[in-house]
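Enquirer: I'd like to ask some things about the structure below.
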Amino acid sequence: MMVIRPICQNDLKSLYRLAEKTGVGFTSLVSDEAILQKKIDGAVRSFNKENVTAPHNEDYLMVLEDTTTGDIVGTCGILATVGLDEPFYSYHLGTITHASRELGVHNAVPTLILNNDFTGFSEICTLFLEEDYRHSKNGQLLSKARFMFMAQFPERFTEKVFAEMRGVSNEDGVSPLWESLGRHFFSIDFKEADELTSQGNKQFIAELMPNNPVYVNLLPKEARDVLGQVHKNTVPARRLLEQEGFRYENYVDIFDGGPSLEARVQDIRAVRDSRLCLANIGQPKGVSANLNEGNYYLVSNAKVADFRCILIQRSIPPGSAMTLTQEEADSLCITNKEPVRIVELSPYSRH
Amino acid sequence: MMVIRPICQNDLKSLYRLAEKTGVGFTSLVSDEAILQKKIDGAVRSFNKENVTAPHNEDYLMVLEDTTTGDIVGTCGILATVGLDEPFYSYHLGTITHASRELGVHNAVPTLILNNDFTGFSEICTLFLEEDYRHSKNGQLLSKARFMFMAQFPERFTEKVFAEMRGVSNEDGVSPLWESLGRHFFSIDFKEADELTSQGNKQFIAELMPNNPVYVNLLPKEARDVLGQVHKNTVPARRLLEQEGFRYENYVDIFDGGPSLEARVQDIRAVRDSRLCLANIGQPKGVSANLNEGNYYLVSNAKVADFRCILIQRSIPPGSAMTLTQEEADSLCITNKEPVRIVELSPYSRH
Amino acid sequence: MYLVRPVDFADLPALERLAQQAGIGITNFPANRERLNDKIASSRRSFQTDVVQPGDESYLFVLVDTSNDQIIGCCGIDAMVGVDTPFYSYRIDEVVHASPQLQIHNRVPALFLCHDYSGTSRLIALVVDKAHQNTVAMSLLSRARLLFIARYPERFTARLFAELRGESDKHGYSSFWDALGKHFFSMDFKKADYLSGVSNKNFIAELMPRYPIYVPTLPEAAQDAIGVIHEDSDQSADILLNEGFEFRGYVDIFDAGPSIEARTESLRTIAQQKMDKALSLTDKAKGPMHLISAGHLEHFRVTAAHAEPQVAGLAIEKATQERLGISSGHRIQWVAL
Amino acid sequence: MYLVRPVDFADLPALERLAQQAGIGITNFPANRERLNDKIASSRRSFQTDVVQPGDESYLFVLVDTSNDQIIGCCGIDAMVGVDTPFYSYRIDEVVHASPQLQIHNRVPALFLCHDYSGTSRLIALVVDKAHQNTVAMSLLSRARLLFIARYPERFTARLFAELRGESDKHGYSSFWDALGKHFFSMDFKKADYLSGVSNKNFIAELMPRYPIYVPTLPEAAQDAIGVIHEDSDQSADILLNEGFEFRGYVDIFDAGPSIEARTESLRTIAQQKMDKALSLTDKAKGPMHLISAGHLEHFRVTAAHAEPQVAGLAIEKATQERLGISSGHRIQWVAL
């Protein structure tokens, strides 16, 4: 069984192994034991905080465990707030209109405006799934488990959340936006800039980036074309978030131009449609041996430190109570009649 | 019966009469026959355009007619796009973070950034209801009839629409934001600036407004306090739009700081929940003489030039067909078995 | 021989011919008959008006080949630019971005739209027939203006500037315009150049980028064109640089041609010019070439001739006196060529 | 009598006392023993180092009352500011906003954060005991620096500037800070002033507003304080203005006190100083007061005394020679007080 749970102190080795696999450009998991240990400490502290009434500096890092082998095969996380320790930068793609009635000329010129507008917002991040496990909707479980946690504990997050998506770069890690813009203001290369940022070191951005709006129409075409576009490997992740109600609102990464997607927590499909019900442990109806039958449902418990989320399949829609097998209940760390939260895995009835 | 319909050439006198009643600050209806006639011409042209596949410069101005007297008692409108003839300006309330780790200081400073980000967007506007008719949910009918039109003809509007809300000013028309900011850059007064703008004369804004972001924390408190706030008379209109799913996304008027509210058309409650059904003319069930019984429903036809929208009350929810009285059908300009669009007047089941 | 005098209406056809020759990039001298006629009218008004301080006057001079009375050149002075509409330039300023921690110290040049030359006198449009582009004719025409300014300092400002034509090819293609202006004006350089000569300049305010342009983000060809003088203007540029004009980092918003400026009183011609009596020579002058002027305002004339400075004045030939319309004893103004 | 010489470690207690007296607003002279000790060390290193071009040297001088060997004043020169971290100032520039159609032409002054003085030599911190704030002592201490610069021009830049203390009351309240800096630094003026003296200046880059501040949007009291000198600094300001320093629109980012600048070679003391032999006088000097210096680098001394300029040099009293540690025939440098 595949289970989402908070990361714990024993996971350091597994996390390190995952970090090694993420590769260049995945800056929120770097293969450095000290940094990862700090991350685990932060997450453990965050999940153990009780009575949180407002988001602060919590970092809810979760892992996907294959309970049959005990292996950690993926991670996902939510930062309660960004930008409160170090500034969080993005570009807002705005519009400046230049018009001359006399000449009949009307130009709506797009501009990039440096800002810290996401300061204090919650961010979903650190999504990584081992290649061998990219099947059986594990990716969706990993991504959407976070929404179950947010649905259950909305007070721990801000009204709006966002996600940064990896932007376009070629096989050599060359980003067209960086080459046309950032490079002129930094004397370091894209990789180095990206790494510094990921280590929380962002002062240099304020120091080196131009304050003034940048006219997009003056950038070369290859740079213009990548604004708000995701890396081809990230297309599925983007679609998944958009299906949940996340929207691109013209905020892009200052280095590679990748889009930020945002949503109000209460408008996320999985949050809005999820509901609490009581768990009955027993033999559920509508469970078929045939994997192609039945709808998928996310089920999570209602606990913080012992948060669990799993994916189940049922051919008969669950009603006000939810019958779970003993194994499912165990995976969720619940006993009979405890509350669970459920939601259809995707906005469409069947996949 | 109160009916929403497109404005027509005969309405000039009535429109003029209404314009006289709007008073200062309502710049989209000025009591000038030439201007109003032009507005009517534009609206008539817009409603008579067939096969519109994308929004252009249409101006859908509608009126609320009391069919018992034939009086025009209110107006509402939708502009298919703004900012394509003359630049459309707003301030975006962004954030700039200044942080020093060394000193433990972290300031998230709000800034006002001049922009034309709404260029090319649809705008709902020109909402006015005569004082004597501010009862019986006429205000809601007037405002929300527009969403019925948009639900029926989404290709005529942009994906996102917005509405500008009147900002705070005192009885003498003095706006705290203008006094602290605009006044320093214009040598004219607020009223004059506002009037010039409403006449489509906006070049002077580009010429006189500061290009650089304005630090909000340097503005006097009374100016800061009105950013994104509506005039007290506009509070109900704001609430009404917010109930429909409109959101304040940090765009404010450059003069008085009043908020712009925005929504994706498909996310507007009245658009999302409205459905087409066939009209049966006859004696509907669930019609009570008691005005306090039954839910309110907006009903519109599916026509452009002959668009009509009315408000009805039913104590039994309409099913896949909608039974209408002959009077209701006549008001809607439909015959038996023609399609109509219906939706609950408000997101709550009963009011 | 050559003579410089104020323009007159009869010069219109000649001016038109010169304007057509001048080509693209000389915005204040458009090949448009109506506009040229306006310019002549405005110049005549300016010469005739009593002026106590500089305003919107514009003075146009023509260069005459006295052998056949042909108009072979033209130039002018605007008493003050930016009177009705602001006068725009780009100022090249360095933006410093430094990160002590990363040991990076970047100086990034950027173009800032500014009105810094608003309120300043400007030398405009020096155009000379190809056949007469020799040192004497060019220098006479160009510096005649400075003699005029020295005579009537109250009509001009204490600072003076001139715009030098920037790089563009004979089809009017400017790599700087192509990289920058085109995106904001939605027209080609030729048209923008023409419009800025013939229309009010509101459209510049309306269409120009309002934020600084970071130079390194422009294509290389455009970067290379910034502050570069069109090769056809090298000669007239040299005359001015030689006078003491300096480049101070201002360039034209369309083609990035450099503007050069100076304090009026420190210009060589103005500092060295003398005013005294015309003396007569009976035989041919043996002294060096001089620029010599005489006459008041609309009768102002300047010519170039050999002359002999003496204690009581400048000795010039009879023919020179006749060209200037004076005789011995009249007050003249001169400077060595 | 007074003598100016380079600072030494033994002067630390005296410096500390002076710094405490100096009060708030003299950021480069903080009342912090450790920092003052660093400053002394850095000054000694600077005097002792061979320098071919200005770098991060900092020269501190003390004013000694030779009657009791008390340290009664202090001043200094930074060879170049902005070496490690940029040196920030506000430049006051006018932004022109014009609408021809509305006939409006607004010039709005705005404060632009800049590094324009980075890479320039700076005169710092003139502090003199209340009891000795007379013309001779103040002038000697201030201008001794200029004599030093004249002696060692390779150690300084061709431009020189000084920051004059801006308005603040005795509790350290600055209306300019209150209206502007406070919002970005989240601390009071006193603390910011202190920090900018003792810490590296990264925090300024981190916290300062990066966009221009439009002056009319500031409260009136803050507007009024821009470019105004603290009354306690009037006297030292006058000495510099008299030397030829000018205000060019730059003010301090904290208290908006004016910066003044000059071309080094055009300063009165530097242009007029002479170098020649010391001659002896047997009786009391009858000539006017002079500033007289002698000695190389760390042995540099300056005093003020009556002296008589002669063809072969400057005739001074024995006592003056002794104060300077020289005897007749030594080379000395002088300028009239």
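So you can find residues: chains in the structure tokens are A, B, ... in the order shown, residues in each start at 1, and ligands are numbered from 1 in order.
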Sorted by chain and rising residue number, which residues of chain A lie within 12 Å of chain C, and what are their closest atom pairs and distances in Å to one decimal, counting only C-alpha atoms, as CSV?

Expert:
residue,atom,partner,partner_atom,distance
A:Ile96,CA,C:Pro209,CA,9.1
A:Thr97,CA,C:Leu207,CA,8.5
A:His98,CA,C:Leu207,CA,4.8
A:Ala99,CA,C:Glu206,CA,5.8
A:Ser100,CA,C:Glu206,CA,5.7
A:Arg101,CA,C:Phe203,CA,8.5
A:Glu102,CA,C:Phe203,CA,7.5
A:Leu103,CA,C:Phe203,CA,7.4
A:Gly104,CA,C:Ser186,CA,10.0
A:Val105,CA,C:Ser186,CA,7.0
A:His106,CA,C:Leu207,CA,8.4
A:Asn107,CA,C:Phe184,CA,6.7
A:Ala108,CA,C:Phe184,CA,9.1
A:Val109,CA,C:Phe184,CA,7.9
A:Pro110,CA,C:His183,CA,11.2
A:Thr111,CA,C:Tyr211,CA,10.0
A:Leu112,CA,C:Tyr211,CA,11.3
A:Ile113,CA,C:Tyr211,CA,11.0
A:Leu177,CA,C:Thr217,CA,11.1
A:Trp178,CA,C:Thr217,CA,11.1
A:Glu179,CA,C:Thr217,CA,9.7
A:Ser180,CA,C:Thr217,CA,6.5
A:Leu181,CA,C:Thr217,CA,6.4
A:Gly182,CA,C:Thr217,CA,9.5
A:Arg183,CA,C:Thr217,CA,9.5
A:His184,CA,C:Pro216,CA,6.3
A:Phe185,CA,C:Asn106,CA,7.0
A:Phe186,CA,C:Ile104,CA,7.7
A:Ser187,CA,C:Ile104,CA,6.8
A:Ile188,CA,C:Ile104,CA,8.9
A:Glu192,CA,C:Leu102,CA,11.0
A:Ala193,CA,C:Leu102,CA,10.5
A:Leu196,CA,C:Leu102,CA,10.2
A:Asn201,CA,C:Gln101,CA,10.2
A:Lys202,CA,C:Ser99,CA,10.7
A:Gln203,CA,C:Ser99,CA,8.2
A:Phe204,CA,C:Ser99,CA,5.7
A:Ile205,CA,C:Ser99,CA,8.7
A:Ala206,CA,C:Ser99,CA,8.9
A:Glu207,CA,C:Ser99,CA,5.6
A:Leu208,CA,C:His97,CA,4.9
A:Met209,CA,C:His97,CA,7.5
A:Pro210,CA,C:His97,CA,8.1
A:Asn211,CA,C:Pro212,CA,9.8
A:Asn212,CA,C:Tyr211,CA,6.5
A:Pro213,CA,C:Tyr211,CA,6.6
A:Val214,CA,C:Ile213,CA,7.6
A:Tyr215,CA,C:Ile213,CA,8.0
A:Val216,CA,C:His183,CA,10.1
A:Asn217,CA,C:His183,CA,6.7
A:Leu218,CA,C:Leu180,CA,6.7
A:Leu219,CA,C:Thr217,CA,7.1
A:Pro220,CA,C:Pro219,CA,8.4
A:Lys221,CA,C:Pro219,CA,11.9
A:Ala223,CA,C:Thr217,CA,11.3

Enquirer: Looking only at helix (DSSP H, G or I) from DSSP on the backbone, list the matching residues of region 58-273 of chain B as a VMD selection string.

Expert: chain B and resid 131 to 133 138 to 152 154 to 156 176 to 185 190 to 198 203 to 208 216 to 218 221 to 224 232 to 243 265 to 267 269 to 273

Enquirer: Up to 7 Å from chain A, what residues of chain B turn up? Count only C-alpha atoms and give them as JSON, numbers by chain.

Expert: {"B": [86, 87, 94, 95, 96, 97, 99, 115, 116, 117]}

Enquirer: Hey, can you spit out that residue selection with N, CA, C and O atoms as an mmCIF file, in the first residue's frame?

Expert:
data_model
loop_
_atom_site.group_PDB
_atom_site.id
_atom_site.type_symbol
_atom_site.label_atom_id
_atom_site.label_comp_id
_atom_site.auth_asym_id
_atom_site.auth_seq_id
_atom_site.Cartn_x
_atom_site.Cartn_y
_atom_site.Cartn_z
ATOM 1 N N GLU B 86 -8.463 53.984 -25.769
ATOM 2 C CA GLU B 86 -7.697 54.842 -24.881
ATOM 3 C C GLU B 86 -7.096 53.942 -23.808
ATOM 4 O O GLU B 86 -7.730 52.982 -23.391
ATOM 5 N N PRO B 87 -5.891 54.228 -23.344
ATOM 6 C CA PRO B 87 -5.316 53.384 -22.286
ATOM 7 C C PRO B 87 -6.223 53.346 -21.059
ATOM 8 O O PRO B 87 -6.872 54.353 -20.729
ATOM 9 N N GLY B 94 1.239 46.195 -4.970
ATOM 10 C CA GLY B 94 2.202 45.095 -4.877
ATOM 11 C C GLY B 94 2.986 45.159 -3.587
ATOM 12 O O GLY B 94 2.704 45.976 -2.702
ATOM 13 N N THR B 95 3.962 44.310 -3.473
ATOM 14 C CA THR B 95 4.773 44.237 -2.271
ATOM 15 C C THR B 95 6.243 44.254 -2.643
ATOM 16 O O THR B 95 6.654 43.579 -3.578
ATOM 17 N N ILE B 96 7.010 45.049 -1.940
ATOM 18 C CA ILE B 96 8.462 45.011 -2.066
ATOM 19 C C ILE B 96 8.992 44.680 -0.678
ATOM 20 O O ILE B 96 8.624 45.330 0.299
ATOM 21 N N THR B 97 9.811 43.669 -0.607
ATOM 22 C CA THR B 97 10.338 43.273 0.693
ATOM 23 C C THR B 97 11.735 43.837 0.883
ATOM 24 O O THR B 97 12.562 43.754 -0.009
ATOM 25 N N ALA B 99 14.709 43.310 3.607
ATOM 26 C CA ALA B 99 15.048 42.513 4.773
ATOM 27 C C ALA B 99 16.542 42.550 5.011
ATOM 28 O O ALA B 99 17.324 42.559 4.075
ATOM 29 N N ASN B 115 -0.290 50.810 -14.017
ATOM 30 C CA ASN B 115 -0.285 49.786 -15.067
ATOM 31 C C ASN B 115 -1.503 49.904 -15.948
ATOM 32 O O ASN B 115 -2.419 50.680 -15.681
ATOM 33 N N ASN B 116 -1.484 49.126 -17.007
ATOM 34 C CA ASN B 116 -2.640 49.017 -17.896
ATOM 35 C C ASN B 116 -3.033 47.553 -18.008
ATOM 36 O O ASN B 116 -3.408 47.066 -19.065
ATOM 37 N N ASP B 117 -2.931 46.843 -16.883
ATOM 38 C CA ASP B 117 -3.112 45.395 -16.932
ATOM 39 C C ASP B 117 -4.504 44.967 -17.383
ATOM 40 O O ASP B 117 -4.684 43.848 -17.856
#

Enquirer: In Å, how much C-alpha RMSD is there between chain A and chain B after the fit, with all atoms paired in order?

Expert: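 The fitted C-alpha deviation between chain B and chain A is 0.1 Å.
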
Enquirer: Work out how far CA of Ser46 (chain C) is from CA of Thr264 (chain C), in Å to one decimal.

Expert: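 Value for the CA of Thr264 (chain C)-CA of Ser46 (chain C) distance: 19.8 Å.
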
Enquirer: Using only C-alpha atoms for the distances, tell me which of D:Phe247, D:Tyr117, D:Phe300, D:Tyr152 is nearest to chain C.

Expert: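 Checking each candidate against chain C, we get D:Tyr117 as the closest.
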
Enquirer: With only C-alpha atoms as the atoms that count, which of C:Val136, C:Leu60, C:Val251, C:Val228 lies nearest to Phe47 (chain C)?

Expert: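 Ranked by minimum distance to Phe47 (chain C), first place goes to C:Leu60.
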
Enquirer: If we count only C-alpha atoms, what is near Glu262 (chain A) at a cut-off of 12 Å, once residues fewer than 5 positions away on the same chain are taken out, given as a ChimeraX atom specification?

Expert: /A:118,121-124,158-165,238,241-242,244-252,267-268

Enquirer: Determine, counting only C-alpha atoms, which protein, DNA and RNA residues have an atom within 12 Å of an atom of Leu140 (chain C); residues of the same chain fewer than 6 positions away are not included. Present the result as a PyMOL selection string.

Expert: chain C and resi 1-5+61-64+73-75+126+128+132-134+146-148+236+239-240+269+289-293+301-305+334-337

Enquirer: Give me the residues within 12 Å of Leu18 (chain D) as a list of chain:residue names, counting only C-alpha atoms and dropping any in the same chain fewer than 4 places off.

Expert: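 The residues that qualify are D:Asp11, D:Leu12, D:Pro13, D:Ala14, D:Ala22, D:Gly23, D:Ile26, D:Phe29, D:Pro30, D:Ala31, D:Asn32, D:Arg33, D:Leu36, D:Val62, D:Leu63, D:Gln70, D:Ile71, D:Ile72, D:Gly73, D:Cys74, D:Cys75, D:Ala125, D:Leu126, D:Val127, D:Val128, D:Asp129, D:Lys130.
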
Enquirer: Smallest atom-to-atom distance to Glu94 (chain D): which of D:Thr120, D:Glu308, D:Gly249, D:Ala237, using only C-alpha atoms?

Expert: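 Checking each candidate against Glu94 (chain D), we get D:Gly249 as the closest.
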
Enquirer: Give the strand (DSSP E or B) residues of region 63-202 of chain B, as assigned by DSSP on the backbone, as a compact mmCIF listing (two decimals) with N, CA, C and O atoms, in the first residue's frame.

Expert:
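After the write, part.txt holds the following:
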# COMPACT_ATOMS: atom_id res chain seq x y z
N VAL B 63 -31.41 48.43 -20.02
CA VAL B 63 -32.22 49.24 -19.12
C VAL B 63 -33.21 48.35 -18.38
O VAL B 63 -33.54 47.25 -18.83
N LEU B 64 -33.64 48.85 -17.23
CA LEU B 64 -34.69 48.18 -16.48
C LEU B 64 -35.98 48.95 -16.72
O LEU B 64 -36.08 50.13 -16.39
N GLU B 65 -36.97 48.26 -17.30
CA GLU B 65 -38.24 48.92 -17.61
C GLU B 65 -39.34 48.41 -16.70
O GLU B 65 -39.45 47.21 -16.47
N ASP B 66 -40.11 49.35 -16.17
CA ASP B 66 -41.30 48.97 -15.42
C ASP B 66 -42.42 48.89 -16.45
O ASP B 66 -42.92 49.92 -16.93
N ASP B 71 -41.89 53.10 -17.79
CA ASP B 71 -40.73 53.93 -17.39
C ASP B 71 -39.43 53.14 -17.37
O ASP B 71 -39.41 51.97 -17.01
N ILE B 72 -38.37 53.87 -17.75
CA ILE B 72 -37.02 53.31 -17.61
C ILE B 72 -36.50 53.75 -16.25
O ILE B 72 -36.40 54.95 -15.98
N VAL B 73 -36.16 52.80 -15.37
CA VAL B 73 -35.81 53.16 -14.00
C VAL B 73 -34.40 52.76 -13.60
O VAL B 73 -33.99 52.98 -12.47
N GLY B 74 -33.68 52.14 -14.52
CA GLY B 74 -32.31 51.77 -14.16
C GLY B 74 -31.52 51.37 -15.39
O GLY B 74 -32.09 51.15 -16.47
N THR B 75 -30.20 51.32 -15.24
CA THR B 75 -29.33 50.90 -16.33
C THR B 75 -28.24 49.97 -15.80
O THR B 75 -27.88 50.03 -14.63
N CYS B 76 -27.75 49.14 -16.69
CA CYS B 76 -26.57 48.36 -16.40
C CYS B 76 -25.89 48.06 -17.72
O CYS B 76 -26.55 48.10 -18.77
N GLY B 77 -24.61 47.80 -17.69
CA GLY B 77 -23.92 47.60 -18.95
C GLY B 77 -22.72 46.68 -18.84
O GLY B 77 -22.24 46.38 -17.75
N ILE B 78 -22.29 46.25 -20.00
CA ILE B 78 -21.05 45.48 -20.09
C ILE B 78 -20.27 46.02 -21.28
O ILE B 78 -20.83 46.15 -22.37
N LEU B 79 -19.00 46.36 -21.05
CA LEU B 79 -18.12 46.71 -22.16
C LEU B 79 -17.35 45.46 -22.55
O LEU B 79 -16.77 44.79 -21.69
N SER B 90 -4.73 51.57 -14.02
CA SER B 90 -5.04 51.28 -12.63
C SER B 90 -3.74 51.18 -11.84
O SER B 90 -2.66 51.18 -12.42
N TYR B 91 -3.88 51.15 -10.54
CA TYR B 91 -2.73 50.89 -9.68
C TYR B 91 -2.79 49.45 -9.22
O TYR B 91 -3.85 48.97 -8.83
N HIS B 92 -1.66 48.79 -9.28
CA HIS B 92 -1.58 47.46 -8.68
C HIS B 92 -0.88 47.62 -7.34
O HIS B 92 0.17 48.22 -7.23
N LEU B 93 -1.52 47.09 -6.31
CA LEU B 93 -0.97 47.18 -4.97
C LEU B 93 -0.05 45.99 -4.79
O LEU B 93 -0.52 44.87 -4.55
N GLY B 94 1.24 46.20 -4.97
CA GLY B 94 2.20 45.10 -4.88
C GLY B 94 2.99 45.16 -3.59
O GLY B 94 2.70 45.98 -2.70
N THR B 95 3.96 44.31 -3.47
CA THR B 95 4.77 44.24 -2.27
C THR B 95 6.24 44.25 -2.64
O THR B 95 6.65 43.58 -3.58
N ILE B 96 7.01 45.05 -1.94
CA ILE B 96 8.46 45.01 -2.07
C ILE B 96 8.99 44.68 -0.68
O ILE B 96 8.62 45.33 0.30
N THR B 97 9.81 43.67 -0.61
CA THR B 97 10.34 43.27 0.69
C THR B 97 11.74 43.84 0.88
O THR B 97 12.56 43.75 -0.01
N HIS B 98 11.96 44.39 2.03
CA HIS B 98 13.29 44.85 2.40
C HIS B 98 13.66 44.10 3.68
O HIS B 98 12.97 44.25 4.68
N ALA B 99 14.71 43.31 3.61
CA ALA B 99 15.05 42.51 4.77
C ALA B 99 16.54 42.55 5.01
O ALA B 99 17.32 42.56 4.08
N SER B 100 16.91 42.59 6.26
CA SER B 100 18.32 42.47 6.61
C SER B 100 18.42 41.37 7.65
O SER B 100 17.95 41.52 8.78
N VAL B 105 15.72 42.66 10.60
CA VAL B 105 14.63 43.53 10.19
C VAL B 105 14.00 42.96 8.92
O VAL B 105 14.71 42.52 8.02
N HIS B 106 12.70 42.92 8.88
CA HIS B 106 12.02 42.41 7.69
C HIS B 106 10.79 43.26 7.43
O HIS B 106 9.85 43.24 8.20
N ASN B 107 10.85 44.02 6.36
CA ASN B 107 9.71 44.88 6.03
C ASN B 107 9.12 44.49 4.69
O ASN B 107 9.83 44.45 3.70
N ALA B 108 7.84 44.21 4.69
CA ALA B 108 7.15 43.98 3.42
C ALA B 108 6.41 45.28 3.13
O ALA B 108 5.41 45.60 3.77
N VAL B 109 6.92 46.05 2.21
CA VAL B 109 6.41 47.39 1.96
C VAL B 109 5.43 47.36 0.80
O VAL B 109 5.79 46.95 -0.29
N PRO B 110 4.21 47.78 1.02
CA PRO B 110 3.27 47.81 -0.11
C PRO B 110 3.61 48.97 -1.06
O PRO B 110 4.05 50.03 -0.63
N THR B 111 3.42 48.72 -2.34
CA THR B 111 3.71 49.75 -3.34
C THR B 111 2.56 49.85 -4.32
O THR B 111 1.87 48.87 -4.58
N LEU B 112 2.38 51.05 -4.86
CA LEU B 112 1.38 51.24 -5.91
C LEU B 112 2.12 51.32 -7.24
O LEU B 112 2.99 52.17 -7.41
N ILE B 113 1.75 50.44 -8.17
CA ILE B 113 2.43 50.42 -9.45
C ILE B 113 1.42 50.73 -10.56
O ILE B 113 0.42 50.01 -10.72
N LEU B 114 1.69 51.80 -11.28
CA LEU B 114 0.80 52.21 -12.37
C LEU B 114 0.86 51.18 -13.49
O LEU B 114 1.93 50.73 -13.87
N ASN B 115 -0.29 50.81 -14.02
CA ASN B 115 -0.29 49.79 -15.07
C ASN B 115 -1.50 49.90 -15.95
O ASN B 115 -2.42 50.68 -15.68
N SER B 122 -13.06 42.58 -20.44
CA SER B 122 -14.46 43.02 -20.36
C SER B 122 -14.72 43.65 -19.00
O SER B 122 -14.17 43.22 -17.99
N GLU B 123 -15.58 44.65 -19.02
CA GLU B 123 -15.90 45.33 -17.75
C GLU B 123 -17.41 45.45 -17.57
O GLU B 123 -18.13 45.80 -18.51
N ILE B 124 -17.87 45.16 -16.38
CA ILE B 124 -19.28 45.44 -16.10
C ILE B 124 -19.35 46.82 -15.45
O ILE B 124 -18.51 47.18 -14.64
N CYS B 125 -20.33 47.59 -15.88
CA CYS B 125 -20.31 49.00 -15.51
C CYS B 125 -21.70 49.64 -15.60
O CYS B 125 -22.69 48.96 -15.88
N THR B 126 -21.77 50.94 -15.35
CA THR B 126 -22.97 51.76 -15.57
C THR B 126 -24.20 51.25 -14.83
O THR B 126 -25.30 51.25 -15.34
N LEU B 127 -23.95 50.76 -13.61
CA LEU B 127 -25.09 50.26 -12.83
C LEU B 127 -25.75 51.43 -12.11
O LEU B 127 -25.13 52.08 -11.28
N PHE B 128 -27.03 51.69 -12.45
CA PHE B 128 -27.75 52.76 -11.74
C PHE B 128 -29.23 52.40 -11.64
O PHE B 128 -29.85 51.97 -12.60
N LEU B 129 -29.75 52.59 -10.44
CA LEU B 129 -31.18 52.30 -10.21
C LEU B 129 -31.80 53.51 -9.53
O LEU B 129 -31.25 54.04 -8.56
N LYS B 160 -11.84 36.76 -18.38
CA LYS B 160 -11.97 37.44 -17.09
C LYS B 160 -12.76 38.72 -17.29
O LYS B 160 -12.58 39.41 -18.29
N VAL B 161 -13.60 39.07 -16.33
CA VAL B 161 -14.27 40.37 -16.37
C VAL B 161 -13.97 41.08 -15.06
O VAL B 161 -13.60 40.46 -14.08
N PHE B 162 -14.14 42.39 -15.08
CA PHE B 162 -13.90 43.12 -13.85
C PHE B 162 -14.90 44.25 -13.71
O PHE B 162 -15.62 44.60 -14.66
N ALA B 163 -14.95 44.79 -12.51
CA ALA B 163 -15.83 45.92 -12.21
C ALA B 163 -15.06 46.90 -11.36
O ALA B 163 -14.35 46.49 -10.44
N GLU B 164 -15.17 48.18 -11.68
CA GLU B 164 -14.54 49.19 -10.84
C GLU B 164 -15.56 49.67 -9.81
O GLU B 164 -16.70 49.98 -10.16
N GLY B 167 -14.54 54.55 -4.92
CA GLY B 167 -13.72 54.59 -3.72
C GLY B 167 -14.23 55.59 -2.70
O GLY B 167 -15.28 56.22 -2.89

Enquirer: Would you pick out the contacts of Met322 (chain B) at 9 Å or less, using only C-alpha atoms, so that residues sharing its chain but fewer than 6 positions from it are not included, and give the list as a PyMOL selection string?

Expert: chain B and resi 277-281+284+340+342

Enquirer: Fewer than 4 positions away in the same chain doesn't count, so skip those; otherwise give me all residues within 12 Å of Gln243 (chain B), counting only C-alpha atoms, as a ChimeraX atom specification.

Expert: /B:140,144,236-239,247,261,263,267-270,345-348

Enquirer: If you keep C-alpha atoms, can you produce a file of those selected residues as a compact mmCIF listing (two decimals), in the first residue's frame?

Expert:
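Result file out_28.txt:
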# COMPACT_ATOMS: atom_id res chain seq x y z
CA GLN B 140 -30.00 42.39 -7.84
CA LYS B 144 -27.12 40.00 -12.26
CA PRO B 236 -23.96 46.60 -0.88
CA ALA B 237 -22.90 46.50 -4.54
CA ARG B 238 -19.50 45.16 -3.56
CA ARG B 239 -21.01 42.46 -1.34
CA ARG B 247 -12.57 39.03 -5.91
CA LEU B 261 -13.19 43.30 -8.48
CA ALA B 263 -13.75 37.06 -11.81
CA ASP B 267 -16.48 31.05 -12.13
CA ILE B 268 -19.28 33.59 -11.58
CA ARG B 269 -21.93 31.78 -9.56
CA ALA B 270 -24.81 32.95 -11.72
CA LEU B 345 -31.12 34.82 -7.73
CA SER B 346 -28.52 34.34 -5.02
CA PRO B 347 -26.11 31.66 -3.80
CA TYR B 348 -28.35 31.01 -0.80
